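Novice: So that you have it, the file is final.txt, and it contains compact mmCIF, C-alpha atoms and all ligand atoms:
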```
# COMPACT_ATOMS: atom_id res chain seq x y z
CA MET I 1 10.24 2.93 -9.84
CA LEU I 2 7.57 5.51 -9.12
CA ASN I 3 4.72 5.02 -11.59
CA ILE I 4 1.77 7.38 -11.18
CA VAL I 5 -1.53 7.40 -13.07
CA LEU I 6 -2.96 10.92 -13.07
CA PHE I 7 -6.68 10.57 -13.55
CA GLY I 8 -9.76 12.75 -13.91
CA PRO I 9 -12.33 14.05 -16.37
CA PRO I 10 -11.35 16.29 -19.33
CA GLY I 11 -10.21 19.63 -17.92
CA ALA I 12 -9.46 18.29 -14.42
CA GLY I 13 -5.84 19.48 -14.65
CA LYS I 14 -4.06 16.28 -15.71
CA GLY I 15 -1.84 17.85 -18.36
CA THR I 16 -1.23 20.98 -16.26
CA GLN I 17 -0.23 19.06 -13.13
CA SER I 18 1.78 16.41 -15.00
CA LYS I 19 4.31 19.03 -16.07
CA LEU I 20 4.89 20.06 -12.43
CA ILE I 21 5.05 16.44 -11.18
CA VAL I 22 7.63 15.53 -13.84
CA ASP I 23 9.94 18.38 -12.71
CA LYS I 24 9.60 17.58 -9.01
CA PHE I 25 9.92 13.78 -9.14
CA ASN I 26 12.06 13.34 -12.26
CA LEU I 27 9.55 11.12 -14.06
CA ILE I 28 8.89 10.58 -17.76
CA HIS I 29 5.63 12.15 -18.93
CA LEU I 30 3.45 9.92 -21.11
CA SER I 31 0.31 11.71 -22.33
CA THR I 32 -1.75 9.77 -24.86
CA GLY I 33 -3.50 13.04 -25.79
CA ASP I 34 -0.13 14.68 -26.62
CA LEU I 35 1.07 11.57 -28.49
CA LEU I 36 -2.13 11.51 -30.58
CA ARG I 37 -1.96 15.25 -31.32
CA ALA I 38 1.68 14.76 -32.47
CA GLU I 39 0.50 12.02 -34.88
CA ILE I 40 -2.20 14.40 -36.21
CA LYS I 41 0.34 17.19 -36.68
CA ALA I 42 2.70 14.84 -38.53
CA GLY I 43 -0.19 13.78 -40.80
CA THR I 44 0.35 10.05 -40.23
CA GLU I 45 -2.30 7.47 -41.09
CA LEU I 46 -2.92 6.90 -37.38
CA GLY I 47 -3.25 10.66 -36.86
CA LEU I 48 -5.80 11.02 -39.66
CA LYS I 49 -7.97 8.27 -38.17
CA ALA I 50 -7.62 9.67 -34.62
CA LYS I 51 -8.48 13.24 -35.63
CA HIS I 52 -12.11 12.48 -36.49
CA LEU I 53 -12.64 10.70 -33.16
CA ILE I 54 -10.89 13.32 -31.02
CA ASP I 55 -12.66 16.25 -32.72
CA ALA I 56 -15.99 14.52 -32.03
CA GLY I 57 -15.08 13.95 -28.36
CA LYS I 58 -14.89 10.15 -28.72
CA LEU I 59 -12.16 7.80 -27.52
CA VAL I 60 -9.53 6.43 -29.88
CA PRO I 61 -9.60 2.56 -30.00
CA ASP I 62 -7.85 0.80 -27.10
CA GLU I 63 -5.39 -1.12 -29.31
CA VAL I 64 -4.11 2.12 -30.85
CA VAL I 65 -3.31 3.86 -27.54
CA ILE I 66 -1.99 0.67 -25.90
CA GLY I 67 0.36 0.20 -28.88
CA MET I 68 1.59 3.80 -28.59
CA ILE I 69 2.32 3.45 -24.85
CA SER I 70 4.00 0.03 -25.12
CA HIS I 71 6.80 1.47 -27.31
CA LYS I 72 7.53 4.16 -24.74
CA LEU I 73 8.01 1.91 -21.69
CA ASP I 74 11.29 0.47 -22.98
CA ASN I 75 13.52 3.07 -21.31
CA ASP I 76 16.31 1.95 -18.93
CA LYS I 77 17.08 5.47 -17.79
CA ALA I 78 13.57 6.12 -16.45
CA GLU I 79 13.09 6.56 -12.70
CA GLY I 80 9.37 6.18 -13.28
CA PHE I 81 6.49 7.36 -15.43
CA ILE I 82 3.52 9.62 -15.09
CA PHE I 83 0.61 8.36 -17.16
CA ASP I 84 -1.57 11.33 -18.16
CA GLY I 85 -4.90 10.60 -19.83
CA PHE I 86 -4.13 6.86 -19.91
CA PRO I 87 -5.67 4.43 -19.02
CA ARG I 88 -9.11 5.69 -20.07
CA THR I 89 -10.91 2.30 -20.14
CA LYS I 90 -10.73 -0.82 -17.98
CA GLU I 91 -9.13 -2.69 -20.90
CA GLN I 92 -6.38 -0.07 -21.10
CA ALA I 93 -5.81 -0.34 -17.31
CA LYS I 94 -5.47 -4.14 -17.55
CA ALA I 95 -3.12 -3.82 -20.54
CA LEU I 96 -0.95 -1.31 -18.66
CA ASP I 97 -0.60 -3.72 -15.72
CA HIS I 98 0.48 -6.49 -18.12
CA LEU I 99 2.96 -4.22 -19.92
CA LEU I 100 4.54 -3.11 -16.63
CA GLU I 101 4.75 -6.74 -15.43
CA GLU I 102 7.05 -7.41 -18.40
CA TYR I 103 9.51 -5.00 -16.73
CA ASN I 104 8.81 -6.46 -13.23
CA ASP I 105 7.12 -3.20 -12.43
CA SER I 106 3.67 -1.91 -11.40
CA ILE I 107 1.60 1.22 -10.79
CA SER I 108 2.51 2.88 -7.46
CA ALA I 109 -0.64 5.03 -7.13
CA MET I 110 -3.54 6.48 -9.08
CA ILE I 111 -4.27 10.12 -8.26
CA SER I 112 -7.70 11.25 -9.29
CA LEU I 113 -8.65 14.94 -9.46
CA LYS I 114 -12.22 15.82 -8.57
CA VAL I 115 -13.71 18.95 -10.21
CA PRO I 116 -17.40 19.90 -10.68
CA GLU I 117 -18.70 19.71 -14.27
CA GLU I 118 -19.52 23.40 -14.55
CA GLU I 119 -15.89 24.29 -13.77
CA LEU I 120 -14.62 21.66 -16.26
CA ILE I 121 -16.74 23.16 -19.05
CA ASN I 122 -15.54 26.70 -18.23
CA ARG I 123 -11.86 25.65 -18.18
CA LEU I 124 -12.07 23.82 -21.51
CA LEU I 125 -13.97 26.62 -23.26
CA GLU I 126 -11.36 29.05 -21.92
CA ARG I 127 -8.51 26.87 -23.22
CA GLY I 128 -10.33 26.57 -26.56
CA LYS I 129 -10.00 30.34 -27.12
CA GLU I 130 -6.19 30.00 -27.29
CA SER I 131 -5.41 26.35 -28.08
CA GLY I 132 -7.23 26.04 -31.39
CA ARG I 133 -8.20 22.50 -30.29
CA ALA I 134 -11.43 21.56 -32.08
CA ASP I 135 -12.52 19.42 -29.11
CA ASP I 136 -12.40 22.48 -26.80
CA GLN I 137 -14.43 24.81 -29.04
CA SER I 138 -18.02 23.75 -28.57
CA GLU I 139 -19.94 23.17 -25.37
CA SER I 140 -21.80 20.26 -26.94
CA VAL I 141 -18.55 18.39 -27.83
CA ILE I 142 -17.24 19.09 -24.30
CA LYS I 143 -20.48 17.66 -22.84
CA ASP I 144 -20.05 14.57 -25.06
CA ARG I 145 -16.51 14.14 -23.72
CA LEU I 146 -17.84 14.33 -20.15
CA HIS I 147 -20.47 11.75 -21.08
CA VAL I 148 -17.77 9.43 -22.51
CA TYR I 149 -15.82 9.93 -19.26
CA ARG I 150 -18.79 8.89 -17.10
CA ASP I 151 -19.69 6.03 -19.42
CA GLN I 152 -16.31 4.44 -20.23
CA THR I 153 -13.56 5.99 -18.12
CA GLU I 154 -14.86 6.42 -14.57
CA VAL I 155 -14.73 2.61 -14.03
CA VAL I 156 -10.92 2.86 -14.12
CA LYS I 157 -11.13 4.49 -10.66
CA GLU I 158 -12.81 1.35 -9.27
CA TYR I 159 -10.17 -0.82 -10.95
CA TYR I 160 -7.37 0.90 -9.00
CA ALA I 161 -9.49 1.19 -5.83
CA GLY I 162 -9.75 -2.61 -5.98
CA GLN I 163 -5.94 -2.73 -5.87
CA GLY I 164 -5.88 -0.26 -2.93
CA LYS I 165 -4.06 2.31 -5.10
CA ALA I 166 -6.69 5.02 -5.71
CA ILE I 167 -6.25 8.44 -4.08
CA GLU I 168 -8.90 11.11 -4.74
CA LEU I 169 -7.95 14.78 -4.36
CA ASP I 170 -9.82 18.08 -4.69
CA GLY I 171 -8.89 19.57 -8.10
CA LEU I 172 -10.36 23.00 -7.30
CA GLY I 173 -8.15 25.93 -6.33
CA SER I 174 -5.04 27.45 -7.90
CA VAL I 175 -2.65 25.27 -9.93
CA GLU I 176 -0.12 25.61 -7.06
CA GLN I 177 -2.65 24.57 -4.39
CA VAL I 178 -3.65 21.48 -6.37
CA PHE I 179 0.02 20.64 -6.96
CA ASP I 180 0.73 20.85 -3.19
CA ARG I 181 -2.02 18.28 -2.55
CA ILE I 182 -0.61 15.97 -5.24
CA LYS I 183 2.97 16.35 -3.99
CA ASN I 184 1.93 15.44 -0.42
CA ALA I 185 -0.04 12.43 -1.66
CA ILE I 186 2.87 11.12 -3.76
CA GLU I 187 5.33 11.58 -0.87
CA LYS I 188 3.00 9.62 1.44
CA ALA I 189 2.43 6.89 -1.17
P1 LIG Y 1 -6.25 14.72 -23.41
O1 LIG Y 1 -5.13 15.37 -24.12
O2 LIG Y 1 -5.89 13.71 -22.36
O3 LIG Y 1 -7.02 15.98 -22.86
P2 LIG Y 1 -7.98 16.46 -21.75
O4 LIG Y 1 -8.57 15.34 -20.96
O5 LIG Y 1 -8.88 17.38 -22.45
O6 LIG Y 1 -7.13 17.44 -20.89
P3 LIG Y 1 -6.44 17.60 -19.51
O7 LIG Y 1 -7.24 17.05 -18.38
O8 LIG Y 1 -5.03 17.10 -19.64
O9 LIG Y 1 -6.38 19.18 -19.49
P4 LIG Y 1 -6.08 20.11 -18.28
O10 LIG Y 1 -7.18 19.85 -17.29
O11 LIG Y 1 -4.69 20.01 -17.80
O12 LIG Y 1 -7.28 13.98 -24.40
C1 LIG Y 1 -7.79 14.56 -25.58
C2 LIG Y 1 -8.51 13.51 -26.42
O13 LIG Y 1 -7.57 12.52 -26.93
C3 LIG Y 1 -9.58 12.66 -25.72
O14 LIG Y 1 -10.85 13.31 -25.68
C4 LIG Y 1 -9.60 11.40 -26.63
O15 LIG Y 1 -10.34 11.61 -27.81
C5 LIG Y 1 -8.14 11.22 -27.01
N1 LIG Y 1 -7.45 10.31 -26.09
C6 LIG Y 1 -6.43 10.68 -25.24
N2 LIG Y 1 -6.02 9.63 -24.51
C7 LIG Y 1 -6.79 8.57 -24.86
C8 LIG Y 1 -6.86 7.22 -24.41
N3 LIG Y 1 -6.05 6.76 -23.46
N4 LIG Y 1 -7.79 6.40 -24.99
C9 LIG Y 1 -8.59 6.84 -25.96
N5 LIG Y 1 -8.59 8.13 -26.42
C10 LIG Y 1 -7.69 8.99 -25.87
O16 LIG Y 1 -6.32 21.54 -18.83
C11 LIG Y 1 -7.58 22.09 -19.10
C12 LIG Y 1 -7.58 23.59 -18.88
O17 LIG Y 1 -7.78 23.84 -17.48
C13 LIG Y 1 -6.27 24.29 -19.25
O18 LIG Y 1 -6.56 25.44 -19.98
C14 LIG Y 1 -5.63 24.62 -17.92
O19 LIG Y 1 -4.88 25.81 -17.96
C15 LIG Y 1 -6.85 24.79 -17.02
N6 LIG Y 1 -6.56 24.48 -15.62
C16 LIG Y 1 -5.83 23.42 -15.17
N7 LIG Y 1 -5.77 23.44 -13.82
C17 LIG Y 1 -6.50 24.54 -13.41
C18 LIG Y 1 -6.82 25.11 -12.13
N8 LIG Y 1 -6.39 24.56 -10.97
N9 LIG Y 1 -7.61 26.21 -12.10
C19 LIG Y 1 -8.04 26.78 -13.25
N10 LIG Y 1 -7.77 26.30 -14.49
C20 LIG Y 1 -7.01 25.20 -14.57
```
Would you give me this structure, written as structure tokens?
Specialist:
Amino acid sequence: MLNIVLFGPPGAGKGTQSKLIVDKFNLIHLSTGDLLRAEIKAGTELGLKAKHLIDAGKLVPDEVVIGMISHKLDNDKAEGFIFDGFPRTKEQAKALDHLLEEYNDSISAMISLKVPEEELINRLLERGKESGRADDQSESVIKDRLHVYRDQTEVVKEYYAGQGKAIELDGLGSVEQVFDRIKNAIEKA
């Protein structure tokens, strides 16, 4: 199976690129951000708890997102998965390895998109005008999210580098240009 972790700070293009990767490589898209927003929309207990954290730019607890992902891996028809926005902590990365081991499977590669902070802030504020997402509306919440990324998430890159699976790509340029880089990297991997 082809299992890809698409990694990067908020606004790096993970969600945008995942959609293109799924079409090209026939993978199942698992976005913890999308799964959490669906829970919020459905008004579930989990969604109500997650909403406060997401709106404030904080991470949702590891056990919640790990639980959400574990249900989705049980799929015999899958040719592979693209993990978008997950793992976001070292604990989540370890848990994902253990979950995949249960299916005699593993991560094939982690693709990390590198984008300067100023561009990330501009992209998210731009998306906030249309998306209605509370976490994209204010520059101070966006800066908090970038701080959380540096503080808790960036270590995930080292985790996969330690396994020889980390590939860093330039996330600047048009959506198509970035996709071409990702496509080439996946084909080589
Ligand atoms: P996510 O839904 O994962 O959202 P994100 O990081 O903000 O967005 P993404 O990176 O996918 O957006 P994209 O660049 O594609 O997470 C939201 C929140 O959920 C988190 O803050 C956290 O609270 C919670 N959460 C999610 N997963 C969690 C986990 N595992 N553990 C704990 N908490 C978790 O898009 C951004 C904008 O850039 C778009 O408007 C797009 O059009 C634009 N764009 C993309 N590529 C571009 C390009 N090349 N040029 C110009 N613009 C571009």
Novice: I:Glu130, I:Glu117, I:Glu176, I:Glu63: which is nearest Tyr149 (chain I), counting only C-alpha atoms?
Specialist: I:Glu117
Novice: Residues up to 7 Å from ligand LIG 1 (chain Y), counting all atoms listed in the file: could you list those as JSON, numbers by chain?
Specialist: {"I": [8, 9, 10, 11, 12, 13, 14, 15, 16, 17, 31, 32, 33, 34, 36, 53, 54, 57, 58, 59, 60, 61, 62, 65, 84, 85, 86, 87, 88, 123, 124, 126, 127, 145, 171, 172, 173, 174, 175, 178]}
Novice: When you draw a straight line from CA of Gln92 (chain I) to CA of Glu158 (chain I), how long is it in Å?
Specialist: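 Going from CA of Gln92 (chain I) over to CA of Glu158 (chain I) covers 13.5 Å.
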Novice: Skip Glu168 (chain I) itself and residues of its chain fewer than 6 positions away, then list as a VMD selection string all residues within 7 Å of it, counting all atoms listed in the file.
Specialist: chain I and resid 111 to 114
Novice: So how many Å separate CA of Glu119 (chain I) and CA of Lys19 (chain I), to one decimal?
Specialist: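 A separation of 21.0 Å between them.
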Novice: Using all atoms listed in the file, pick whichever of I:Lys157, I:Asp23, I:Asn75, I:Phe179 has the shortest atom-to-atom distance to Tyr103 (chain I).
Specialist: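 With all atoms listed in the file as the atom set, the closest residue is I:Asn75.
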Novice: Determine, counting only C-alpha atoms, which protein, DNA and RNA residues have an atom within 8 Å of an atom of region 38-42 of chain I; residues of the same chain fewer than 6 positions away are not included. Present the result as a list in words.
Specialist: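 The residues satisfying every condition are Leu48, Ala50 and Lys51 of chain I.
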Novice: Grab the residues selected above and save them as a PDB file, in the coordinates of the input with C-alpha atoms.
Specialist:
```pdb
ATOM      1  CA  LEU I  48      -5.800  11.020 -39.660  1.00  0.00           C
ATOM      2  CA  ALA I  50      -7.620   9.670 -34.620  1.00  0.00           C
ATOM      3  CA  LYS I  51      -8.480  13.240 -35.630  1.00  0.00           C
TER       4      LYS I  51
END
```
Novice: Is there a way to get, as a ChimeraX atom specification, all residues within 12 Å of the point (0.1, 11.4, -0.2) in file coordinates, counting only C-alpha atoms?
Specialist: /I:4,108-112,165-169,179-189
Novice: For the residues selected in the previous step, produce a file with C-alpha atoms as an mmCIF file, keeping the file's coordinate frame.
Specialist:
```
data_model
loop_
_atom_site.group_PDB
_atom_site.id
_atom_site.type_symbol
_atom_site.label_atom_id
_atom_site.label_comp_id
_atom_site.auth_asym_id
_atom_site.auth_seq_id
_atom_site.Cartn_x
_atom_site.Cartn_y
_atom_site.Cartn_z
ATOM 1 C CA ILE I 4 1.770 7.380 -11.180
ATOM 2 C CA SER I 108 2.510 2.880 -7.460
ATOM 3 C CA ALA I 109 -0.640 5.030 -7.130
ATOM 4 C CA MET I 110 -3.540 6.480 -9.080
ATOM 5 C CA ILE I 111 -4.270 10.120 -8.260
ATOM 6 C CA SER I 112 -7.700 11.250 -9.290
ATOM 7 C CA LYS I 165 -4.060 2.310 -5.100
ATOM 8 C CA ALA I 166 -6.690 5.020 -5.710
ATOM 9 C CA ILE I 167 -6.250 8.440 -4.080
ATOM 10 C CA GLU I 168 -8.900 11.110 -4.740
ATOM 11 C CA LEU I 169 -7.950 14.780 -4.360
ATOM 12 C CA PHE I 179 0.020 20.640 -6.960
ATOM 13 C CA ASP I 180 0.730 20.850 -3.190
ATOM 14 C CA ARG I 181 -2.020 18.280 -2.550
ATOM 15 C CA ILE I 182 -0.610 15.970 -5.240
ATOM 16 C CA LYS I 183 2.970 16.350 -3.990
ATOM 17 C CA ASN I 184 1.930 15.440 -0.420
ATOM 18 C CA ALA I 185 -0.040 12.430 -1.660
ATOM 19 C CA ILE I 186 2.870 11.120 -3.760
ATOM 20 C CA GLU I 187 5.330 11.580 -0.870
ATOM 21 C CA LYS I 188 3.000 9.620 1.440
ATOM 22 C CA ALA I 189 2.430 6.890 -1.170
#
```
Novice: What's the separation between CA of Ala161 (chain I) and CA of Asp105 (chain I), in Å to one decimal place?
Specialist: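 Computing the Euclidean distance for CA of Ala161 (chain I) and CA of Asp105 (chain I) yields 18.4 Å.
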Novice: Which residue out of I:Leu6, I:Ala78, I:Leu125, I:Leu73 has the minimum interatomic distance to Gln137 (chain I) when only C-alpha atoms are used?
Specialist: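 That would be I:Leu125, the residue with the smallest distance to Gln137 (chain I).
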Novice: Which residue is closest to Lys94 (chain I)? Choose from I:Ala134, I:Ile82, I:Leu146, I:Val155 and count all atoms listed in the file.
Specialist: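 Residue with the minimum atom-to-atom distance to Lys94 (chain I): I:Val155.
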Novice: Box for region 96-105 of chain I: with edges along x, y and z, all listed atoms inside and 5 Å added on each side, what are the centre and edge lengths in Å to one decimal, as AutoDock Vina command-line options?
Specialist:
```
--center_x 4.3 --center_y -4.4 --center_z -16.2 --size_x 20.5 --size_y 16.1 --size_z 17.5
```
Novice: Counting only C-alpha atoms, which residue out of I:Asp151, I:Asp170, I:Arg37, I:Asp74 sits closest to Pro116 (chain I)?
Specialist: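 Looking only at the distances to Pro116 (chain I), the closest residue turns out to be I:Asp170.
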Novice: Kindly indicate which residue among I:Val5, I:Ile107, I:Val156, I:Leu35 lies nearest to Lys90 (chain I), using only C-alpha atoms for the distances.
Specialist: I:Val156
Novice: Write out as a list in words the residues lying within 7 Å of Phe81 (chain I), counting only C-alpha atoms and excluding same-chain residues fewer than 4 positions away.
Specialist: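 My list of contacting residues is Leu2, Asn3, Ile4, Leu27, Ile28, His29 and Leu30 of chain I.
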